[in-house]
Amino acid sequence: TVEYDDNVNAGKSSVVIRGKGKYRGTRIVPFTINKAAQSNFKASIKNNTIPLNGEAKVYVSGARGSVTFGSKSPSYAEYIGNATFRGLKATEDGITITVKAAGDDNYKSKTIELWVSVK
């Protein structure tokens, strides 16, 4: 017979194998269930643009755990809360906005970088 113990969530688990009929003995085999990647986590800003002196909201779906936002160029675009950035200074190329889902007991953390223009 084969029995599993606590094999639903990420972490330590084991399988118990017991002989049946003319087979004798028991074997306990420990194993680890690893956290899954956040493959459904998505983030986007409409038209990949933050209006100069205006605001743009980041749309997030499929995130596991708390979500945080940041700008690698805060002098060009600052995070003002509620998944929203304000454009402060026009960019010739673009800047990077970060969106991080912290993960939870069963999912790893994941960061998405969005390349956006401020204009």
# chains A, B, ... in the order shown; residues from 1 in each chain; ligands from 1
$ residues_around --residues "A:Gly62" --least-positions-apart "4" --cutoff "12 Å" --atoms "only C-alpha atoms" --output "list of chain:residue names"
A:Ala37, A:Gln38, A:Ser39, A:Asn40, A:Phe41, A:Lys42, A:Ala43, A:Ser66, A:Val67, A:Lys100, A:Ala101, A:Gly103, A:Tyr107, A:Lys110
$ write_last_selection --atoms "all heavy atoms" --output "mmCIF file, in the first residue's frame"
data_model
loop_
_atom_site.group_PDB
_atom_site.id
_atom_site.type_symbol
_atom_site.label_atom_id
_atom_site.label_comp_id
_atom_site.auth_asym_id
_atom_site.auth_seq_id
_atom_site.Cartn_x
_atom_site.Cartn_y
_atom_site.Cartn_z
ATOM 1 N N ALA A 37 6.224 28.579 -9.301
ATOM 2 C CA ALA A 37 6.426 29.894 -9.911
ATOM 3 C C ALA A 37 5.066 30.565 -10.108
ATOM 4 O O ALA A 37 4.052 29.891 -10.251
ATOM 5 C CB ALA A 37 7.132 29.752 -11.253
ATOM 6 N N GLN A 38 5.057 31.870 -10.112
ATOM 7 C CA GLN A 38 3.823 32.620 -10.344
ATOM 8 C C GLN A 38 3.634 32.830 -11.848
ATOM 9 O O GLN A 38 3.838 33.920 -12.368
ATOM 10 C CB GLN A 38 3.857 33.962 -9.616
ATOM 11 C CG GLN A 38 3.830 33.815 -8.121
ATOM 12 C CD GLN A 38 3.402 35.085 -7.432
ATOM 13 O OE1 GLN A 38 2.461 35.760 -7.836
ATOM 14 N NE2 GLN A 38 4.095 35.431 -6.368
ATOM 15 N N SER A 39 3.221 31.803 -12.527
ATOM 16 C CA SER A 39 3.106 31.871 -13.986
ATOM 17 C C SER A 39 1.911 32.690 -14.460
ATOM 18 O O SER A 39 1.890 33.144 -15.601
ATOM 19 C CB SER A 39 3.042 30.459 -14.576
ATOM 20 O OG SER A 39 1.955 29.752 -14.021
ATOM 21 N N ASN A 40 0.910 32.920 -13.607
ATOM 22 C CA ASN A 40 -0.264 33.701 -14.012
ATOM 23 C C ASN A 40 -0.165 35.178 -13.638
ATOM 24 O O ASN A 40 -1.089 35.940 -13.917
ATOM 25 C CB ASN A 40 -1.536 33.110 -13.387
ATOM 26 C CG ASN A 40 -1.844 31.742 -13.934
ATOM 27 O OD1 ASN A 40 -1.565 31.451 -15.088
ATOM 28 N ND2 ASN A 40 -2.407 30.890 -13.109
ATOM 29 N N PHE A 41 0.924 35.580 -13.007
ATOM 30 C CA PHE A 41 1.106 36.968 -12.575
ATOM 31 C C PHE A 41 1.429 37.844 -13.779
ATOM 32 O O PHE A 41 2.386 37.597 -14.499
ATOM 33 C CB PHE A 41 2.215 37.013 -11.527
ATOM 34 C CG PHE A 41 2.636 38.385 -11.067
ATOM 35 C CD1 PHE A 41 1.722 39.396 -10.864
ATOM 36 C CD2 PHE A 41 3.963 38.658 -10.819
ATOM 37 C CE1 PHE A 41 2.109 40.647 -10.424
ATOM 38 C CE2 PHE A 41 4.384 39.891 -10.368
ATOM 39 C CZ PHE A 41 3.451 40.889 -10.182
ATOM 40 N N LYS A 42 0.608 38.875 -14.005
ATOM 41 C CA LYS A 42 0.780 39.799 -15.132
ATOM 42 C C LYS A 42 0.676 41.231 -14.618
ATOM 43 O O LYS A 42 -0.048 41.511 -13.660
ATOM 44 C CB LYS A 42 -0.297 39.589 -16.196
ATOM 45 C CG LYS A 42 -0.483 38.155 -16.649
ATOM 46 C CD LYS A 42 0.472 37.795 -17.745
ATOM 47 C CE LYS A 42 0.164 36.450 -18.320
ATOM 48 N NZ LYS A 42 0.980 35.371 -17.899
ATOM 49 N N ALA A 43 1.382 42.149 -15.275
ATOM 50 C CA ALA A 43 1.299 43.573 -14.949
ATOM 51 C C ALA A 43 1.491 44.375 -16.226
ATOM 52 O O ALA A 43 2.296 44.005 -17.080
ATOM 53 C CB ALA A 43 2.361 43.966 -13.920
ATOM 54 N N SER A 66 1.243 39.882 -1.293
ATOM 55 C CA SER A 66 1.088 41.333 -1.417
ATOM 56 C C SER A 66 1.883 41.852 -2.619
ATOM 57 O O SER A 66 2.891 41.281 -3.010
ATOM 58 C CB SER A 66 1.548 42.027 -0.138
ATOM 59 O OG SER A 66 2.906 41.758 0.102
ATOM 60 N N VAL A 67 1.389 42.939 -3.199
ATOM 61 C CA VAL A 67 2.011 43.531 -4.386
ATOM 62 C C VAL A 67 2.588 44.888 -4.013
ATOM 63 O O VAL A 67 1.922 45.698 -3.360
ATOM 64 C CB VAL A 67 0.982 43.680 -5.532
ATOM 65 C CG1 VAL A 67 1.602 44.344 -6.750
ATOM 66 C CG2 VAL A 67 0.405 42.317 -5.909
ATOM 67 N N LYS A 100 6.166 43.879 -7.847
ATOM 68 C CA LYS A 100 6.591 42.647 -7.183
ATOM 69 C C LYS A 100 5.425 42.019 -6.419
ATOM 70 O O LYS A 100 4.768 42.687 -5.623
ATOM 71 C CB LYS A 100 7.733 42.919 -6.204
ATOM 72 C CG LYS A 100 8.202 41.655 -5.500
ATOM 73 C CD LYS A 100 9.368 41.917 -4.575
ATOM 74 C CE LYS A 100 9.811 40.620 -3.916
ATOM 75 N NZ LYS A 100 10.953 40.821 -3.040
ATOM 76 N N ALA A 101 5.193 40.734 -6.685
ATOM 77 C CA ALA A 101 4.250 39.932 -5.907
ATOM 78 C C ALA A 101 5.083 39.142 -4.907
ATOM 79 O O ALA A 101 5.998 38.409 -5.288
ATOM 80 C CB ALA A 101 3.460 39.004 -6.811
ATOM 81 N N GLY A 103 4.599 36.588 -3.075
ATOM 82 C CA GLY A 103 4.476 35.142 -2.944
ATOM 83 C C GLY A 103 3.766 34.797 -1.648
ATOM 84 O O GLY A 103 3.401 35.662 -0.863
ATOM 85 N N TYR A 107 3.768 29.738 -3.262
ATOM 86 C CA TYR A 107 4.275 30.376 -4.484
ATOM 87 C C TYR A 107 5.484 31.256 -4.188
ATOM 88 O O TYR A 107 5.511 31.965 -3.185
ATOM 89 C CB TYR A 107 3.182 31.221 -5.143
ATOM 90 C CG TYR A 107 2.107 30.368 -5.760
ATOM 91 C CD1 TYR A 107 1.020 29.936 -5.007
ATOM 92 C CD2 TYR A 107 2.191 29.967 -7.086
ATOM 93 C CE1 TYR A 107 0.046 29.125 -5.571
ATOM 94 C CE2 TYR A 107 1.222 29.161 -7.643
ATOM 95 C CZ TYR A 107 0.157 28.742 -6.879
ATOM 96 O OH TYR A 107 -0.798 27.935 -7.440
ATOM 97 N N LYS A 110 7.831 37.058 -7.253
ATOM 98 C CA LYS A 110 8.171 37.347 -8.642
ATOM 99 C C LYS A 110 8.112 38.854 -8.857
ATOM 100 O O LYS A 110 7.213 39.520 -8.355
ATOM 101 C CB LYS A 110 7.195 36.654 -9.596
ATOM 102 C CG LYS A 110 7.511 36.905 -11.065
ATOM 103 C CD LYS A 110 6.578 36.146 -11.989
ATOM 104 C CE LYS A 110 6.912 36.423 -13.445
ATOM 105 N NZ LYS A 110 6.008 35.666 -14.349
#
$ select_by_dssp --residues "chain A" --states "strand (DSSP E or B)" --output "number ranges by chain"
A: 2-5, 11-18, 26-33, 36, 42-45, 49-50, 52, 55-61, 67-71, 77-81, 84-87, 95-101, 107, 110-118
$ residues_around --residues "stretch 82-85 of chain A" --least-positions-apart "6" --cutoff "10 Å" --atoms "only C-alpha atoms" --output "PyMOL selection string"
chain A and resi 45+50-51+54-60+67-71+74+76+97+99
$ write_last_selection --atoms "all heavy atoms" --output "compact mmCIF listing (two decimals), in the first residue's frame"
# COMPACT_ATOMS: atom_id res chain seq x y z
N ILE A 45 0.89 48.67 -18.06
CA ILE A 45 0.44 50.06 -18.05
C ILE A 45 -0.06 50.35 -19.46
O ILE A 45 0.62 50.02 -20.44
CB ILE A 45 1.59 51.03 -17.68
CG1 ILE A 45 1.98 50.85 -16.22
CG2 ILE A 45 1.18 52.47 -17.95
CD1 ILE A 45 3.09 51.78 -15.74
N ILE A 50 3.37 56.79 -19.24
CA ILE A 50 2.89 57.59 -18.13
C ILE A 50 2.85 59.03 -18.63
O ILE A 50 3.86 59.56 -19.10
CB ILE A 50 3.81 57.48 -16.90
CG1 ILE A 50 3.92 56.02 -16.44
CG2 ILE A 50 3.30 58.38 -15.77
CD1 ILE A 50 4.97 55.79 -15.38
N PRO A 51 1.68 59.69 -18.59
CA PRO A 51 1.61 61.06 -19.10
C PRO A 51 2.46 62.02 -18.26
O PRO A 51 2.46 61.93 -17.03
CB PRO A 51 0.14 61.43 -18.98
CG PRO A 51 -0.59 60.17 -18.70
CD PRO A 51 0.39 59.21 -18.13
N GLY A 54 0.87 63.82 -15.47
CA GLY A 54 -0.38 63.07 -15.32
C GLY A 54 -0.13 61.76 -14.58
O GLY A 54 0.95 61.55 -14.03
N GLU A 55 -1.13 60.91 -14.59
CA GLU A 55 -1.05 59.66 -13.84
C GLU A 55 -1.38 58.47 -14.73
O GLU A 55 -2.15 58.61 -15.69
CB GLU A 55 -2.01 59.70 -12.65
CG GLU A 55 -1.68 60.79 -11.66
CD GLU A 55 -2.71 60.90 -10.54
OE1 GLU A 55 -3.70 60.14 -10.54
OE2 GLU A 55 -2.52 61.77 -9.68
N ALA A 56 -0.80 57.32 -14.38
CA ALA A 56 -1.09 56.06 -15.07
C ALA A 56 -1.16 54.95 -14.03
O ALA A 56 -0.33 54.88 -13.13
CB ALA A 56 -0.03 55.75 -16.11
N LYS A 57 -2.17 54.11 -14.19
CA LYS A 57 -2.38 53.00 -13.26
C LYS A 57 -1.76 51.72 -13.82
O LYS A 57 -1.82 51.47 -15.02
CB LYS A 57 -3.87 52.80 -13.04
CG LYS A 57 -4.20 51.77 -11.97
CD LYS A 57 -5.69 51.80 -11.65
CE LYS A 57 -6.04 50.82 -10.57
NZ LYS A 57 -5.92 51.35 -9.24
N VAL A 58 -1.16 50.92 -12.93
CA VAL A 58 -0.63 49.62 -13.30
C VAL A 58 -1.75 48.60 -13.09
O VAL A 58 -2.35 48.55 -12.02
CB VAL A 58 0.59 49.23 -12.44
CG1 VAL A 58 1.10 47.86 -12.82
CG2 VAL A 58 1.69 50.27 -12.59
N TYR A 59 -2.03 47.82 -14.12
CA TYR A 59 -3.04 46.77 -14.03
C TYR A 59 -2.34 45.46 -13.69
O TYR A 59 -1.41 45.06 -14.38
CB TYR A 59 -3.81 46.68 -15.34
CG TYR A 59 -4.56 47.96 -15.63
CD1 TYR A 59 -3.99 48.95 -16.43
CD2 TYR A 59 -5.80 48.19 -15.05
CE1 TYR A 59 -4.66 50.14 -16.67
CE2 TYR A 59 -6.47 49.38 -15.28
CZ TYR A 59 -5.91 50.35 -16.09
OH TYR A 59 -6.56 51.54 -16.31
N VAL A 60 -2.79 44.81 -12.61
CA VAL A 60 -2.16 43.60 -12.11
C VAL A 60 -3.21 42.49 -12.03
O VAL A 60 -4.34 42.73 -11.62
CB VAL A 60 -1.57 43.84 -10.70
CG1 VAL A 60 -1.00 42.57 -10.11
CG2 VAL A 60 -0.52 44.93 -10.74
N VAL A 67 1.39 42.94 -3.20
CA VAL A 67 2.01 43.53 -4.39
C VAL A 67 2.59 44.89 -4.01
O VAL A 67 1.92 45.70 -3.36
CB VAL A 67 0.98 43.68 -5.53
CG1 VAL A 67 1.60 44.34 -6.75
CG2 VAL A 67 0.40 42.32 -5.91
N THR A 68 3.84 45.13 -4.42
CA THR A 68 4.48 46.42 -4.20
C THR A 68 4.97 46.97 -5.54
O THR A 68 5.20 46.23 -6.49
CB THR A 68 5.68 46.31 -3.23
OG1 THR A 68 6.59 45.33 -3.72
CG2 THR A 68 5.21 45.91 -1.84
N PHE A 69 5.10 48.29 -5.60
CA PHE A 69 5.45 48.98 -6.84
C PHE A 69 6.65 49.88 -6.59
O PHE A 69 6.84 50.39 -5.50
CB PHE A 69 4.27 49.85 -7.30
CG PHE A 69 3.00 49.08 -7.51
CD1 PHE A 69 2.14 48.84 -6.46
CD2 PHE A 69 2.69 48.58 -8.76
CE1 PHE A 69 0.97 48.11 -6.65
CE2 PHE A 69 1.53 47.85 -8.96
CZ PHE A 69 0.66 47.62 -7.90
N GLY A 70 7.45 50.10 -7.63
CA GLY A 70 8.59 51.00 -7.52
C GLY A 70 9.01 51.53 -8.87
O GLY A 70 8.60 51.03 -9.92
N SER A 71 9.83 52.56 -8.84
CA SER A 71 10.38 53.16 -10.05
C SER A 71 11.89 53.17 -9.92
O SER A 71 12.43 53.59 -8.90
CB SER A 71 9.87 54.59 -10.23
OG SER A 71 10.54 55.23 -11.29
N PRO A 74 12.93 57.46 -10.04
CA PRO A 74 11.88 58.22 -9.38
C PRO A 74 11.86 59.71 -9.72
O PRO A 74 10.86 60.38 -9.48
CB PRO A 74 12.15 57.99 -7.89
CG PRO A 74 13.56 57.53 -7.80
CD PRO A 74 13.88 56.86 -9.11
N TYR A 76 11.81 60.71 -12.72
CA TYR A 76 10.99 60.74 -13.94
C TYR A 76 9.55 60.32 -13.66
O TYR A 76 8.61 60.88 -14.23
CB TYR A 76 11.58 59.82 -15.01
CG TYR A 76 12.84 60.36 -15.62
CD1 TYR A 76 14.08 60.12 -15.06
CD2 TYR A 76 12.78 61.14 -16.78
CE1 TYR A 76 15.24 60.63 -15.62
CE2 TYR A 76 13.93 61.65 -17.35
CZ TYR A 76 15.16 61.39 -16.76
OH TYR A 76 16.30 61.90 -17.33
N ILE A 97 9.69 50.47 -14.44
CA ILE A 97 8.77 50.40 -13.30
C ILE A 97 8.80 48.95 -12.83
O ILE A 97 8.76 48.02 -13.63
CB ILE A 97 7.34 50.78 -13.74
CG1 ILE A 97 7.28 52.22 -14.27
CG2 ILE A 97 6.34 50.56 -12.61
CD1 ILE A 97 7.65 53.28 -13.28
N VAL A 99 7.08 45.84 -10.45
CA VAL A 99 5.89 45.35 -9.78
C VAL A 99 6.26 44.00 -9.18
O VAL A 99 6.67 43.09 -9.90
CB VAL A 99 4.71 45.18 -10.76
CG1 VAL A 99 3.46 44.76 -10.01
CG2 VAL A 99 4.47 46.46 -11.55
$ closest_residue --among "A:Ser61, A:Thr26, A:Ser75, A:Thr49" --to "A:Trp115" --atoms "only C-alpha atoms"
A:Thr49
$ residues_around --residues "A:Arg27" --least-positions-apart "6" --cutoff "8 Å" --atoms "only C-alpha atoms" --output "ChimeraX atom specification"
/A:16-18
$ write_last_selection --atoms "C-alpha atoms" --output "compact mmCIF listing (two decimals), in the first residue's frame"
# COMPACT_ATOMS: atom_id res chain seq x y z
CA VAL A 16 4.72 5.54 3.34
CA ILE A 17 5.06 2.23 1.48
CA ARG A 18 3.85 -0.90 3.31
$ residues_around --residues "stretch 3-9 of chain A" --least-positions-apart "5" --cutoff "10 Å" --atoms "only C-alpha atoms" --output "VMD selection string"
chain A and resid 14 to 18 28 to 35 105 to 107
$ write_last_selection --atoms "N, CA and C atoms" --output "tab-separated table (two decimals), in the first residue's frame"
chain	number	residue	atom	x	y	z
A	14	SER	N	6.06	13.22	3.06
A	14	SER	CA	6.60	11.86	2.99
A	14	SER	C	5.57	10.94	2.35
A	15	VAL	N	6.08	9.82	1.87
A	15	VAL	CA	5.24	8.76	1.36
A	15	VAL	C	5.58	7.51	2.17
A	16	VAL	N	4.54	6.76	2.55
A	16	VAL	CA	4.72	5.54	3.34
A	16	VAL	C	4.35	4.35	2.44
A	17	ILE	N	5.28	3.43	2.29
A	17	ILE	CA	5.06	2.23	1.48
A	17	ILE	C	5.07	1.03	2.43
A	18	ARG	N	3.98	0.27	2.43
A	18	ARG	CA	3.85	-0.90	3.31
A	18	ARG	C	3.64	-2.16	2.47
A	28	ILE	N	9.45	4.57	4.76
A	28	ILE	CA	9.00	5.97	4.75
A	28	ILE	C	10.02	6.77	3.96
A	29	VAL	N	9.55	7.43	2.91
A	29	VAL	CA	10.44	8.20	2.04
A	29	VAL	C	10.06	9.68	2.13
A	30	PRO	N	10.94	10.49	2.73
A	30	PRO	CA	10.65	11.93	2.81
A	30	PRO	C	10.96	12.62	1.47
A	31	PHE	N	10.25	13.71	1.21
A	31	PHE	CA	10.52	14.52	0.03
A	31	PHE	C	10.05	15.95	0.29
A	32	THR	N	10.46	16.85	-0.56
A	32	THR	CA	10.09	18.25	-0.43
A	32	THR	C	9.26	18.67	-1.62
A	33	ILE	N	8.16	19.36	-1.34
A	33	ILE	CA	7.36	19.98	-2.39
A	33	ILE	C	7.83	21.42	-2.47
A	34	ASN	N	8.38	21.81	-3.61
A	34	ASN	CA	8.90	23.16	-3.80
A	34	ASN	C	7.78	24.15	-4.11
A	35	LYS	N	8.03	25.41	-3.78
A	35	LYS	CA	7.07	26.46	-4.13
A	35	LYS	C	6.99	26.58	-5.65
A	105	ASP	N	2.72	30.92	0.95
A	105	ASP	CA	3.22	29.63	1.42
A	105	ASP	C	3.51	28.65	0.29
A	106	ASN	N	2.82	28.79	-0.84
A	106	ASN	CA	2.97	27.84	-1.94
A	106	ASN	C	3.56	28.42	-3.21
A	107	TYR	N	3.77	29.74	-3.26
A	107	TYR	CA	4.27	30.38	-4.48
A	107	TYR	C	5.48	31.26	-4.19
